[in-house]
Amino acid sequence: MGRTDELIERAMSDEDRALLAAHGEPGYITQSLGLFRGPQAWLGALAYLVALAAFAGFAFTFWKLWASTDALAAVKWGVASAVLFQTSSMMKTFMGARVEANRTLRELKRLELQLALLVEARRGVRD
């Protein structure tokens with residue numbers, strides 16, 4: 001924990017700590033399942049299905065590559081295998097970027113919550 005985190009921790013009340021703990025960072029599985037919620041859930045589901053299909057295709061073409069005895073067939077299966085593996089990797093990278101974007105949005109919401117608590121506390125002092 002850094003110095004800034006320690007200062008923030010000392011400035012918070014017990015109620016603030018409890019509220020922020022309730023809105024803590026979820027685990028990796030929960031974050032991954034967050035791709036399938038919200039207004040763009042269809043995009044996460046589509047990317048997941050494309051990645052799954054591309055990986056299944058990669059497994060099949062890679063198996064055919066190793067089973068082929070002809071050099072030309074091996075090259076064809078090898079190229080198909082490489083393209084499908086690259087497609088699967090790109091989809092997984094896309095989904096990872098969406099998870100990180102969701103984490104950033106969640107942290108911004110936590111910051112908004114902290115600011116709202118601060119404004120509310122200041123209003124209470126003035127009244």
# chains A, B, ... in the order shown; residues from 1 in each chain; ligands from 1
>>> residues_around(residues="range 86-102 of chain A", least_positions_apart="4", cutoff="8 Å", atoms="only C-alpha atoms", output="list in words")
Gln31, Ser32, Gly34, Leu35, Gly44, Ala47, Tyr48, Val50, Ala51, Leu52, Ala54, Phe55, Ala82 and Arg106 of chain A
>>> write_last_selection(atoms="C-alpha atoms", output="CSV table (one decimal), in the first residue's frame")
chain,number,residue,atom,x,y,z
A,31,GLN,CA,-15.1,-9.9,-14.4
A,32,SER,CA,-15.0,-12.3,-17.3
A,34,GLY,CA,-19.3,-9.3,-17.0
A,35,LEU,CA,-18.7,-9.4,-20.8
A,44,GLY,CA,-19.1,-10.3,-25.9
A,47,ALA,CA,-16.6,-12.6,-29.7
A,48,TYR,CA,-16.7,-15.6,-27.4
A,50,VAL,CA,-16.0,-16.8,-32.7
A,51,ALA,CA,-13.0,-17.5,-30.5
A,52,LEU,CA,-14.4,-20.9,-29.6
A,54,ALA,CA,-11.8,-20.6,-34.4
A,55,PHE,CA,-10.0,-22.6,-31.7
A,82,ALA,CA,-2.2,-20.5,-38.4
A,106,ARG,CA,-15.9,0.3,-12.2
>>> atom_distance(atom1="CA of Val83 in chain A", atom2="CA of Gln40 in chain A")
26.7 Å
>>> closest_residue(among="A:Arg103, A:Arg110, A:Trp66, A:Leu118", to="Gly27 in chain A", atoms="only C-alpha atoms")
A:Arg103
>>> residues_around(residues="Thr61 in chain A", least_positions_apart="4", cutoff="10 Å", atoms="only C-alpha atoms", output="ChimeraX atom specification")
/A:55-57,65-67,74,76-82,84-85
>>> atom_distance(atom1="CA of Gly38 in chain A", atom2="CA of Glu25 in chain A")
17.7 Å
>>> atom_distance(atom1="CA of Phe36 in chain A", atom2="CA of Leu49 in chain A")
11.7 Å
